[in-house]
file start08.tsv (TSV, C-alpha atoms)
chain	number	residue	atom	x	y	z
A	9	MET	CA	0.14	-47.87	-62.35
A	10	LYS	CA	0.81	-49.44	-58.94
A	11	THR	CA	4.59	-49.06	-58.64
A	12	VAL	CA	7.21	-46.74	-60.12
A	13	VAL	CA	8.85	-49.79	-61.72
A	14	GLU	CA	5.85	-50.16	-64.02
A	15	ALA	CA	6.46	-46.69	-65.45
A	16	LEU	CA	10.11	-47.43	-66.25
A	17	GLU	CA	9.33	-50.81	-67.79
A	18	SER	CA	6.57	-49.30	-69.94
A	19	HIS	CA	8.86	-46.57	-71.26
A	20	ALA	CA	11.59	-49.16	-71.90
A	21	ARG	CA	9.15	-51.15	-74.06
A	22	HIS	CA	7.59	-48.26	-75.95
A	23	ARG	CA	10.38	-45.68	-76.17
A	24	GLY	CA	13.46	-47.64	-75.19
A	25	ASP	CA	15.85	-45.72	-77.43
A	26	ARG	CA	14.79	-42.35	-76.05
A	27	PRO	CA	17.23	-40.66	-73.64
A	28	ALA	CA	16.10	-40.95	-70.04
A	29	LEU	CA	19.11	-39.23	-68.51
A	30	TRP	CA	21.93	-36.97	-69.61
A	31	TYR	CA	24.88	-36.72	-67.23
A	32	GLY	CA	27.87	-34.85	-68.59
A	33	GLU	CA	28.74	-36.64	-71.82
A	34	GLN	CA	26.85	-39.78	-70.78
A	35	THR	CA	23.44	-40.71	-72.13
A	36	MET	CA	21.24	-43.38	-70.54
A	37	THR	CA	18.20	-44.50	-72.54
A	38	PHE	CA	15.04	-45.85	-70.95
A	39	ALA	CA	15.94	-49.35	-72.15
A	40	GLU	CA	19.40	-49.03	-70.59
A	41	ALA	CA	17.92	-47.71	-67.33
A	42	ASP	CA	15.61	-50.73	-67.20
A	43	GLU	CA	18.41	-53.21	-67.89
A	44	ARG	CA	20.91	-51.58	-65.54
A	45	SER	CA	18.40	-51.53	-62.69
A	46	SER	CA	17.53	-55.19	-63.33
A	47	ARG	CA	21.23	-56.06	-63.08
A	48	VAL	CA	21.47	-54.12	-59.81
A	49	ALA	CA	18.45	-55.98	-58.46
A	50	SER	CA	20.17	-59.29	-59.26
A	51	ALA	CA	23.47	-58.11	-57.77
A	52	LEU	CA	21.70	-57.04	-54.58
A	53	ASP	CA	19.88	-60.35	-54.42
A	54	GLY	CA	23.24	-62.10	-54.73
A	55	ALA	CA	24.55	-59.99	-51.84
A	56	GLY	CA	21.78	-61.30	-49.61
A	57	VAL	CA	19.38	-58.35	-49.88
A	58	ARG	CA	15.79	-59.44	-49.46
A	59	PRO	CA	12.42	-57.64	-49.76
A	60	GLY	CA	12.18	-54.94	-47.12
A	61	ASP	CA	15.95	-54.71	-46.59
A	62	ARG	CA	17.60	-51.30	-46.78
A	63	VAL	CA	20.33	-50.30	-49.26
A	64	ALA	CA	22.16	-47.04	-48.50
A	65	LEU	CA	23.69	-44.69	-51.07
A	66	LEU	CA	26.24	-42.01	-50.14
A	67	ASP	CA	27.23	-39.84	-53.07
A	68	LYS	CA	26.43	-36.66	-54.94
A	69	ASN	CA	24.01	-36.81	-57.88
A	70	ALA	CA	24.99	-39.57	-60.32
A	71	PRO	CA	23.28	-41.98	-62.77
A	72	GLU	CA	23.79	-44.82	-60.29
A	73	PHE	CA	20.98	-43.31	-58.22
A	74	VAL	CA	18.60	-44.41	-60.99
A	75	ASP	CA	20.19	-47.88	-61.05
A	76	LEU	CA	19.70	-48.25	-57.32
A	77	LEU	CA	16.27	-46.66	-57.00
A	78	PHE	CA	14.66	-48.88	-59.60
A	79	GLY	CA	16.90	-51.84	-58.74
A	80	THR	CA	15.84	-51.85	-55.10
A	81	CYS	CA	12.22	-51.34	-56.14
A	82	LYS	CA	12.37	-54.33	-58.48
A	83	LEU	CA	13.68	-56.43	-55.61
A	84	GLY	CA	11.14	-55.08	-53.12
A	85	ALA	CA	14.00	-53.56	-51.12
A	86	VAL	CA	14.31	-49.93	-49.99
A	87	LEU	CA	16.79	-47.28	-51.09
A	88	VAL	CA	18.17	-44.98	-48.39
A	89	PRO	CA	19.87	-41.88	-49.93
A	90	VAL	CA	22.27	-40.40	-47.37
A	91	ASN	CA	23.03	-36.68	-47.13
A	92	TYR	CA	26.69	-36.43	-48.16
A	93	ARG	CA	27.01	-33.14	-46.25
A	94	LEU	CA	26.68	-34.97	-42.93
A	95	SER	CA	29.68	-35.63	-40.71
A	96	PRO	CA	31.10	-39.20	-40.67
A	97	SER	CA	29.42	-39.90	-37.34
A	98	GLU	CA	26.08	-38.64	-38.66
A	99	VAL	CA	26.44	-40.75	-41.80
A	100	ALA	CA	27.18	-43.76	-39.61
A	101	PHE	CA	24.06	-43.04	-37.56
A	102	VAL	CA	21.80	-42.95	-40.63
A	103	VAL	CA	23.30	-46.11	-42.16
A	104	GLY	CA	23.13	-47.88	-38.80
A	105	ASP	CA	19.62	-46.67	-38.02
A	106	ALA	CA	18.42	-47.98	-41.38
A	107	GLY	CA	20.18	-51.29	-40.80
A	108	ALA	CA	21.51	-51.16	-44.35
A	109	LYS	CA	22.56	-54.53	-45.77
A	110	VAL	CA	24.58	-52.83	-48.52
A	111	LEU	CA	26.26	-49.43	-48.61
A	112	VAL	CA	27.09	-47.97	-52.02
A	113	VAL	CA	29.49	-45.08	-51.64
A	114	GLY	CA	31.10	-42.58	-53.98
A	115	ALA	CA	34.90	-42.74	-54.10
A	116	GLU	CA	35.27	-39.22	-52.67
A	117	PHE	CA	33.19	-40.18	-49.62
A	118	ARG	CA	34.86	-43.51	-48.92
A	119	ASP	CA	36.85	-42.15	-45.97
A	120	GLY	CA	33.76	-40.49	-44.53
A	121	ALA	CA	31.93	-43.83	-44.58
A	122	GLU	CA	34.57	-45.78	-42.69
A	123	LEU	CA	32.55	-45.59	-39.45
A	124	CYS	CA	29.60	-47.33	-41.11
A	125	ASP	CA	28.94	-50.94	-40.25
A	126	ALA	CA	27.18	-52.36	-43.34
A	127	PRO	CA	27.73	-56.05	-44.22
A	128	THR	CA	28.63	-55.15	-47.82
A	129	THR	CA	30.19	-51.96	-49.18
A	130	VAL	CA	30.47	-51.24	-52.90
A	131	VAL	CA	32.47	-48.25	-54.15
A	132	LEU	CA	31.11	-46.37	-57.17
A	133	GLY	CA	33.32	-46.50	-60.22
A	134	GLU	CA	35.01	-49.60	-61.57
A	135	GLN	CA	33.97	-51.74	-58.60
A	136	PHE	CA	30.29	-50.83	-58.88
A	137	ASP	CA	30.31	-51.16	-62.67
A	138	ALA	CA	31.82	-54.65	-62.49
A	139	TRP	CA	29.42	-55.63	-59.69
A	140	ARG	CA	26.43	-54.47	-61.75
A	141	GLU	CA	27.54	-55.79	-65.12
A	142	GLY	CA	28.41	-59.19	-63.65
A	143	ALA	CA	24.77	-59.78	-62.69
A	144	ASP	CA	22.10	-61.35	-64.91
A	145	PRO	CA	19.32	-58.87	-65.77
A	146	ARG	CA	16.96	-61.77	-66.58
A	147	ARG	CA	17.21	-63.30	-63.15
A	148	GLY	CA	13.79	-63.29	-61.50
A	149	GLN	CA	13.23	-61.31	-58.33
A	150	PRO	CA	10.26	-60.71	-56.03
A	151	ARG	CA	8.03	-57.85	-57.10
A	152	ALA	CA	7.14	-54.90	-54.91
A	153	THR	CA	3.51	-54.09	-54.18
A	154	SER	CA	1.97	-50.62	-54.11
A	155	ARG	CA	2.03	-50.51	-50.31
A	156	ASP	CA	5.67	-51.53	-49.99
A	157	VAL	CA	8.18	-48.88	-48.98
A	158	ALA	CA	10.19	-47.72	-52.01
A	159	ILE	CA	12.55	-45.14	-50.53
A	160	GLN	CA	13.50	-44.02	-47.02
A	161	MET	CA	14.50	-40.37	-46.83
A	162	TYR	CA	15.98	-38.97	-43.64
A	163	THR	CA	14.66	-35.64	-42.44
A	164	SER	CA	16.83	-32.99	-40.83
A	165	GLY	CA	17.55	-33.37	-37.15
A	166	THR	CA	15.98	-30.05	-36.11
A	167	THR	CA	13.87	-31.86	-33.51
A	168	GLY	CA	16.51	-34.43	-32.56
A	169	LEU	CA	18.28	-37.13	-34.52
A	170	PRO	CA	17.29	-37.56	-38.19
A	171	LYS	CA	14.25	-39.75	-38.77
A	172	GLY	CA	13.70	-42.02	-41.75
A	173	ALA	CA	10.48	-41.11	-43.56
A	174	MET	CA	9.18	-44.24	-45.31
A	175	LEU	CA	7.69	-43.40	-48.71
A	176	THR	CA	5.77	-46.19	-50.41
A	177	HIS	CA	5.13	-46.88	-54.08
A	178	ASP	CA	1.62	-45.49	-53.53
A	179	ASN	CA	3.24	-42.28	-52.24
A	180	LEU	CA	5.60	-41.95	-55.22
A	181	VAL	CA	2.85	-42.72	-57.73
A	182	CYS	CA	0.77	-39.98	-56.07
A	183	LEU	CA	3.78	-37.63	-56.33
A	184	LEU	CA	4.10	-38.44	-60.02
A	185	ARG	CA	0.39	-37.98	-60.64
A	186	THR	CA	0.22	-34.69	-58.71
A	187	TYR	CA	3.25	-33.01	-60.26
A	188	SER	CA	2.32	-34.21	-63.75
A	189	ALA	CA	-0.98	-32.39	-63.26
A	190	ILE	CA	0.47	-29.09	-62.03
A	191	TRP	CA	3.56	-28.92	-64.25
A	192	ASP	CA	3.60	-28.23	-67.97
A	193	ILE	CA	4.85	-31.68	-69.05
A	194	ASP	CA	4.42	-33.03	-72.58
A	195	GLU	CA	6.36	-35.05	-75.16
A	196	ASP	CA	8.69	-32.12	-75.83
A	197	SER	CA	9.57	-31.48	-72.19
A	198	ILE	CA	13.17	-31.67	-70.97
A	199	GLY	CA	13.81	-31.80	-67.23
A	200	LEU	CA	16.79	-30.58	-65.24
A	201	THR	CA	17.63	-32.07	-61.85
A	202	VAL	CA	20.16	-30.07	-59.82
A	203	MET	CA	18.78	-30.48	-56.31
A	204	PRO	CA	20.51	-33.27	-54.35
A	205	LEU	CA	18.74	-36.60	-54.74
A	206	TYR	CA	18.79	-37.25	-51.00
A	207	HIS	CA	16.25	-34.37	-50.84
A	208	VAL	CA	12.62	-34.90	-51.78
A	209	ALA	CA	12.70	-31.94	-54.22
A	210	GLY	CA	15.49	-33.57	-56.20
A	211	LEU	CA	13.63	-36.87	-56.15
A	212	ALA	CA	10.43	-35.18	-57.37
A	213	CYS	CA	12.23	-33.46	-60.24
A	214	LEU	CA	13.81	-36.72	-61.42
A	215	MET	CA	10.68	-38.84	-60.91
A	216	VAL	CA	8.32	-36.53	-62.79
A	217	ALA	CA	10.55	-36.50	-65.88
A	218	MET	CA	11.32	-40.23	-65.92
A	219	GLY	CA	7.77	-41.14	-64.94
A	220	ASN	CA	6.44	-39.24	-67.94
A	221	GLY	CA	8.99	-40.75	-70.29
A	222	VAL	CA	10.82	-37.50	-71.02
A	223	PRO	CA	14.58	-36.87	-70.71
A	224	THR	CA	16.15	-35.14	-67.76
A	225	VAL	CA	19.56	-33.58	-67.37
A	226	LEU	CA	21.25	-34.62	-64.13
A	227	LEU	CA	23.96	-32.38	-62.66
A	228	ARG	CA	26.26	-33.66	-59.96
A	229	GLU	CA	26.14	-30.35	-58.11
A	230	ALA	CA	24.20	-27.08	-58.36
A	231	VAL	CA	26.91	-24.92	-59.95
A	232	PRO	CA	25.36	-21.79	-61.55
A	233	ASP	CA	27.54	-21.77	-64.67
A	234	ASP	CA	26.90	-25.49	-65.24
A	235	ILE	CA	23.16	-25.00	-64.80
A	236	LEU	CA	23.00	-22.22	-67.36
A	237	ALA	CA	25.13	-24.22	-69.82
A	238	ALA	CA	22.85	-27.25	-69.41
A	239	ILE	CA	19.70	-25.18	-70.01
A	240	ALA	CA	21.10	-23.80	-73.26
A	241	ARG	CA	22.65	-27.07	-74.49
A	242	HIS	CA	19.70	-29.37	-73.83
A	243	ARG	CA	16.88	-26.84	-74.24
A	244	VAL	CA	15.60	-27.50	-70.74
A	245	THR	CA	11.91	-26.70	-70.15
A	246	THR	CA	11.31	-27.50	-66.48
A	247	THR	CA	13.33	-27.55	-63.26
A	248	ILE	CA	13.29	-26.89	-59.51
A	249	PHE	CA	15.56	-24.43	-57.67
A	250	VAL	CA	15.85	-23.29	-54.08
A	251	PRO	CA	15.68	-19.49	-53.56
A	252	ALA	CA	19.40	-19.22	-52.76
A	253	LEU	CA	20.22	-20.82	-56.10
A	254	ILE	CA	17.88	-18.45	-57.95
A	255	GLN	CA	19.71	-15.54	-56.34
A	256	ALA	CA	23.10	-17.04	-57.31
A	257	LEU	CA	21.97	-17.51	-60.90
A	258	LEU	CA	20.79	-13.91	-61.12
A	259	ALA	CA	24.26	-12.78	-60.03
A	260	CYS	CA	26.01	-15.03	-62.55
A	261	ASP	CA	27.77	-13.22	-65.41
A	262	ALA	CA	26.70	-15.92	-67.89
A	263	MET	CA	23.04	-14.95	-67.41
A	264	ARG	CA	23.54	-12.09	-69.84
A	265	SER	CA	24.59	-14.35	-72.71
A	266	THR	CA	22.68	-17.58	-72.04
A	267	ASP	CA	19.68	-18.50	-74.18
A	268	LEU	CA	16.90	-19.25	-71.69
A	269	SER	CA	14.08	-19.23	-74.23
A	270	SER	CA	13.37	-22.96	-73.84
A	271	LEU	CA	12.36	-22.58	-70.18
A	272	ARG	CA	8.65	-22.94	-69.50
A	273	ARG	CA	8.50	-23.32	-65.74
A	274	ILE	CA	10.74	-23.05	-62.69
A	275	GLY	CA	9.54	-24.55	-59.44
A	276	TYR	CA	10.99	-23.22	-56.21
A	277	GLY	CA	10.62	-23.79	-52.48
A	278	ALA	CA	12.29	-25.26	-49.37
A	279	SER	CA	12.95	-21.79	-47.90
A	280	PRO	CA	11.53	-18.23	-48.05
A	281	ILE	CA	12.28	-15.99	-51.00
A	282	SER	CA	12.33	-12.20	-50.90
A	283	ASP	CA	9.97	-10.22	-53.11
A	284	ASP	CA	12.92	-8.45	-54.74
A	285	VAL	CA	14.63	-11.68	-55.79
A	286	LEU	CA	11.40	-13.25	-57.03
A	287	VAL	CA	10.30	-10.22	-59.04
A	288	ARG	CA	13.73	-9.93	-60.64
A	289	ALA	CA	13.72	-13.65	-61.45
A	290	LEU	CA	10.32	-13.35	-63.12
A	291	GLU	CA	11.71	-10.58	-65.33
A	292	VAL	CA	15.09	-12.18	-66.15
A	293	PHE	CA	14.11	-15.80	-66.74
A	294	GLY	CA	10.99	-14.89	-68.67
A	295	CYS	CA	9.13	-18.10	-67.86
A	296	ASP	CA	6.45	-19.26	-65.45
A	297	PHE	CA	7.28	-19.71	-61.77
A	298	GLN	CA	5.54	-22.02	-59.33
A	299	GLN	CA	6.18	-22.22	-55.60
A	300	GLY	CA	5.81	-25.45	-53.66
A	301	TYR	CA	5.32	-25.87	-49.91
A	302	ALA	CA	5.48	-29.42	-48.60
A	303	LEU	CA	7.46	-31.95	-46.58
A	304	THR	CA	9.60	-35.01	-47.09
A	305	GLU	CA	6.94	-36.79	-45.07
A	306	THR	CA	4.28	-35.88	-47.66
A	307	SER	CA	6.32	-36.83	-50.74
A	308	ALA	CA	6.66	-33.14	-51.69
A	309	ILE	CA	2.85	-32.86	-51.95
A	310	GLY	CA	1.34	-29.86	-50.20
A	311	THR	CA	0.41	-26.45	-51.54
A	312	CYS	CA	1.52	-24.46	-54.57
A	313	LEU	CA	1.40	-20.86	-55.70
A	314	SER	CA	0.38	-21.17	-59.33
A	315	PRO	CA	2.03	-19.66	-62.42
A	316	GLU	CA	-1.08	-17.52	-62.89
A	317	ASP	CA	-0.61	-15.97	-59.44
A	318	HIS	CA	2.96	-15.11	-60.40
A	319	ARG	CA	1.96	-13.68	-63.78
A	320	HIS	CA	-0.46	-11.23	-62.14
A	321	TRP	CA	1.67	-10.30	-59.16
A	322	ARG	CA	1.42	-6.59	-59.93
A	323	GLU	CA	-2.35	-6.67	-59.36
A	324	HIS	CA	-1.96	-8.82	-56.24
A	325	PRO	CA	1.62	-8.29	-54.90
A	326	GLN	CA	0.72	-9.81	-51.51
A	327	ARG	CA	0.29	-13.21	-53.18
A	328	LEU	CA	4.04	-13.51	-53.66
A	329	ARG	CA	4.26	-14.11	-49.90
A	330	SER	CA	1.63	-16.84	-50.01
A	331	ALA	CA	2.18	-20.61	-50.05
A	332	GLY	CA	-0.71	-20.84	-52.49
A	333	ARG	CA	-3.51	-23.40	-52.56
A	334	PRO	CA	-3.62	-27.17	-51.95
A	335	MET	CA	-2.19	-29.30	-54.73
A	336	PRO	CA	-4.53	-31.80	-56.43
A	337	GLU	CA	-5.58	-34.58	-54.04
A	338	ALA	CA	-4.20	-32.68	-51.02
A	339	GLN	CA	-6.29	-31.46	-48.10
A	340	VAL	CA	-4.99	-28.67	-45.87
A	341	GLN	CA	-6.41	-27.39	-42.61
A	342	VAL	CA	-5.10	-24.82	-40.10
A	343	VAL	CA	-6.02	-25.74	-36.55
A	344	ASP	CA	-5.44	-24.78	-32.94
A	345	PRO	CA	-2.41	-26.88	-31.91
A	346	ASP	CA	-3.85	-27.65	-28.48
A	347	SER	CA	-7.47	-28.48	-29.29
A	348	GLY	CA	-7.28	-29.47	-32.95
A	349	ALA	CA	-10.20	-27.15	-33.70
A	350	GLY	CA	-10.24	-25.50	-37.12
A	351	LEU	CA	-9.33	-21.82	-37.24
A	352	ALA	CA	-10.84	-18.98	-39.24
A	353	ALA	CA	-9.03	-17.25	-42.09
A	354	GLY	CA	-6.25	-14.98	-40.86
A	355	GLN	CA	-5.66	-16.85	-37.61
A	356	VAL	CA	-2.28	-18.41	-36.83
A	357	GLY	CA	-2.19	-22.12	-36.05
A	358	GLU	CA	-0.79	-25.52	-36.93
A	359	VAL	CA	-0.94	-26.81	-40.52
A	360	TRP	CA	-2.50	-30.25	-41.01
A	361	LEU	CA	-2.01	-31.82	-44.41
A	362	ARG	CA	-3.35	-35.05	-45.89
A	363	SER	CA	-2.87	-36.67	-49.30
A	364	GLY	CA	-1.97	-39.94	-50.95
A	365	GLY	CA	1.66	-38.86	-50.57
A	366	THR	CA	1.65	-39.03	-46.76
A	367	MET	CA	4.39	-41.39	-45.63
A	368	ALA	CA	3.82	-44.81	-44.08
A	369	GLY	CA	5.57	-43.57	-40.92
A	370	TYR	CA	9.04	-43.08	-39.45
A	371	TRP	CA	11.35	-46.08	-39.57
A	372	ASN	CA	11.62	-47.73	-36.14
A	373	ARG	CA	9.65	-44.85	-34.56
A	374	PRO	CA	5.98	-45.88	-34.55
A	375	GLU	CA	5.23	-43.38	-31.80
A	376	ALA	CA	6.40	-40.38	-33.85
A	377	ARG	CA	3.83	-38.63	-36.03
A	378	THR	CA	3.72	-35.54	-38.19
A	379	LEU	CA	-0.04	-35.40	-38.42
A	380	SER	CA	-2.85	-35.84	-35.92
A	381	PRO	CA	-4.41	-39.33	-35.92
A	382	GLU	CA	-7.83	-37.68	-36.23
A	383	LEU	CA	-6.92	-36.14	-39.59
A	384	LEU	CA	-5.69	-39.48	-40.90
A	385	LYS	CA	-9.04	-41.21	-40.38

call {"tool": "encode", "arguments": {"input": "start08.tsv", "output": "structure tokens"}}
result
Amino acid sequence: MKTVVEALESHARHRGDRPALWYGEQTMTFAEADERSSRVASALDGAGVRPGDRVALLDKNAPEFVDLLFGTCKLGAVLVPVNYRLSPSEVAFVVGDAGAKVLVVGAEFRDGAELCDAPTTVVLGEQFDAWREGADPRRGQPRATSRDVAIQMYTSGTTGLPKGAMLTHDNLVCLLRTYSAIWDIDEDSIGLTVMPLYHVAGLACLMVAMGNGVPTVLLREAVPDDILAAIARHRVTTTIFVPALIQALLACDAMRSTDLSSLRRIGYGASPISDDVLVRALEVFGCDFQQGYALTETSAIGTCLSPEDHRHWREHPQRLRSAGRPMPEAQVQVVDPDSGAGLAAGQVGEVWLRSGGTMAGYWNRPEARTLSPELLK
């Protein structure tokens, strides 16, 4: 598999009637996801979007993310998910920095996008539906290659203005391959995506389920009661939470009456978790836990603390504070930040990480790097 489009098209051919996405009362099959994204590709082509052009999306989690992700990929264009928690001026910066040819915006964020200067704006809802359904899914478009950028995700501005990390099809295929290897995914798996899709953890959760041809439940927001209801209703097996959400779920009254027996594995990361919260979660959820430590710039590929390490935490309690071991295909080294020399175990230094998920670079910032050039050789 060279591009993520190939995975969707294969599942549409071989299991087209199988649900790909559940969103509230909506069901999208793999065949429908393939057709809808082909229509979006044609609609974007009609709007003047060409290979390499950026298409921005400002909204909470919604099925249209799938339309746009695979639609832009089919056209060889690039999806730019925008953090809806940003201020209007910050949203305008991201959309302007990307040079988006089209901005697709949720109705509730329309006012917040008024500072954006995109040639074409499409509002989700009736306008987007008509725009998509009016396009011909059979219309031919250019095809993306494995080295083409598939999605541009903006990192937080902790070191300045947000930067657009360019993730290629090679990067996303590596993400899919890596997480399929470390997660317990099979024909009976059911995913749950609650993390925002502008974040690489949300993208990973969605991609691993759809890439493996199994259904995923998509929630618009991470509301504890809704999460627990979705787990019980759809018999969810696998998901990703941030530690704060795990703590909120543990405090939720519905935990006492919700059937969680379908859960096999919960991934967590993005921030530290206390031993007390983690140990309680292991007891209450009754499933395997797996921690991930990575970056947007590495397509969520980095290190992981395995389910086995969590199962035997009583024998090795210090491991709960560890980021684990390198994921498959990842190489990790701790070095002196000044000299680049490798450090011995127990010494504090800078983390260098290399894998097939490492981004192509920062958009319009060729001088900015996250890794040393020497490690990339």

call {"tool": "axis_aligned_box", "arguments": {"input": "start08.tsv", "around": "range 188-191 of chain A", "padding_each_side": "5 Å", "output": "lines of an AutoDock Vina configuration file"}}
result
center_x = 1.3
center_y = -31.6
center_z = -63.1
size_x = 14.5
size_y = 15.3
size_z = 12.2

call {"tool": "residues_around", "arguments": {"input": "start08.tsv", "residues": "range 223-233 of chain A", "least_positions_apart": "6", "cutoff": "7 Å", "atoms": "only C-alpha atoms", "output": "list in words"}}
result
Pro27, Ala28, Leu29, Trp30, Tyr31, Lys68, Asn69, Ala70, Ile198, Gly199, Leu200, Thr201, Val202, Met203, Leu214, Ala217, Ala256, Leu257, Cys260 and Ala262 of chain A

call {"tool": "write_last_selection", "arguments": {"input": "start08.tsv", "atoms": "C-alpha atoms", "output": "PDB file, in the frame of the given file"}}
result
ATOM      1  CA  PRO A  27      17.230 -40.660 -73.640  1.00  0.00           C
ATOM      2  CA  ALA A  28      16.100 -40.950 -70.040  1.00  0.00           C
ATOM      3  CA  LEU A  29      19.110 -39.230 -68.510  1.00  0.00           C
ATOM      4  CA  TRP A  30      21.930 -36.970 -69.610  1.00  0.00           C
ATOM      5  CA  TYR A  31      24.880 -36.720 -67.230  1.00  0.00           C
ATOM      6  CA  LYS A  68      26.430 -36.660 -54.940  1.00  0.00           C
ATOM      7  CA  ASN A  69      24.010 -36.810 -57.880  1.00  0.00           C
ATOM      8  CA  ALA A  70      24.990 -39.570 -60.320  1.00  0.00           C
ATOM      9  CA  ILE A 198      13.170 -31.670 -70.970  1.00  0.00           C
ATOM     10  CA  GLY A 199      13.810 -31.800 -67.230  1.00  0.00           C
ATOM     11  CA  LEU A 200      16.790 -30.580 -65.240  1.00  0.00           C
ATOM     12  CA  THR A 201      17.630 -32.070 -61.850  1.00  0.00           C
ATOM     13  CA  VAL A 202      20.160 -30.070 -59.820  1.00  0.00           C
ATOM     14  CA  MET A 203      18.780 -30.480 -56.310  1.00  0.00           C
ATOM     15  CA  LEU A 214      13.810 -36.720 -61.420  1.00  0.00           C
ATOM     16  CA  ALA A 217      10.550 -36.500 -65.880  1.00  0.00           C
ATOM     17  CA  ALA A 256      23.100 -17.040 -57.310  1.00  0.00           C
ATOM     18  CA  LEU A 257      21.970 -17.510 -60.900  1.00  0.00           C
ATOM     19  CA  CYS A 260      26.010 -15.030 -62.550  1.00  0.00           C
ATOM     20  CA  ALA A 262      26.700 -15.920 -67.890  1.00  0.00           C
TER      21      ALA A 262
END

call {"tool": "residues_near_point", "arguments": {"input": "start08.tsv", "point": "(10.0, -55.3, -60.0)", "cutoff": "8 Å", "atoms": "only C-alpha atoms", "output": "JSON, numbers by chain"}}
result
{"A": [13, 14, 78, 79, 81, 82, 83, 84, 149, 150, 151, 152]}

call {"tool": "residues_around", "arguments": {"input": "start08.tsv", "residues": "Tyr162 in chain A", "least_positions_apart": "2", "cutoff": "10 Å", "atoms": "all atoms listed in the file", "output": "number ranges by chain"}}
result
A: 88-91, 102, 106, 159-160, 164-165, 169-174, 206-208, 304-305, 370-371

call {"tool": "closest_residue", "arguments": {"input": "start08.tsv", "among": "A:Asp156, A:Leu313, A:Val343, A:Arg373", "to": "Val359 in chain A", "atoms": "all atoms listed in the file"}}
result
A:Val343

call {"tool": "atom_distance", "arguments": {"input": "start08.tsv", "atom1": "CA of Asp105 in chain A", "atom2": "CA of Val63 in chain A"}}
result
11.8 Å

call {"tool": "closest_residue", "arguments": {"input": "start08.tsv", "among": "A:Asp75, A:Glu195, A:Asp25, A:Asp296", "to": "Asp137 in chain A", "atoms": "all atoms listed in the file"}}
result
A:Asp75
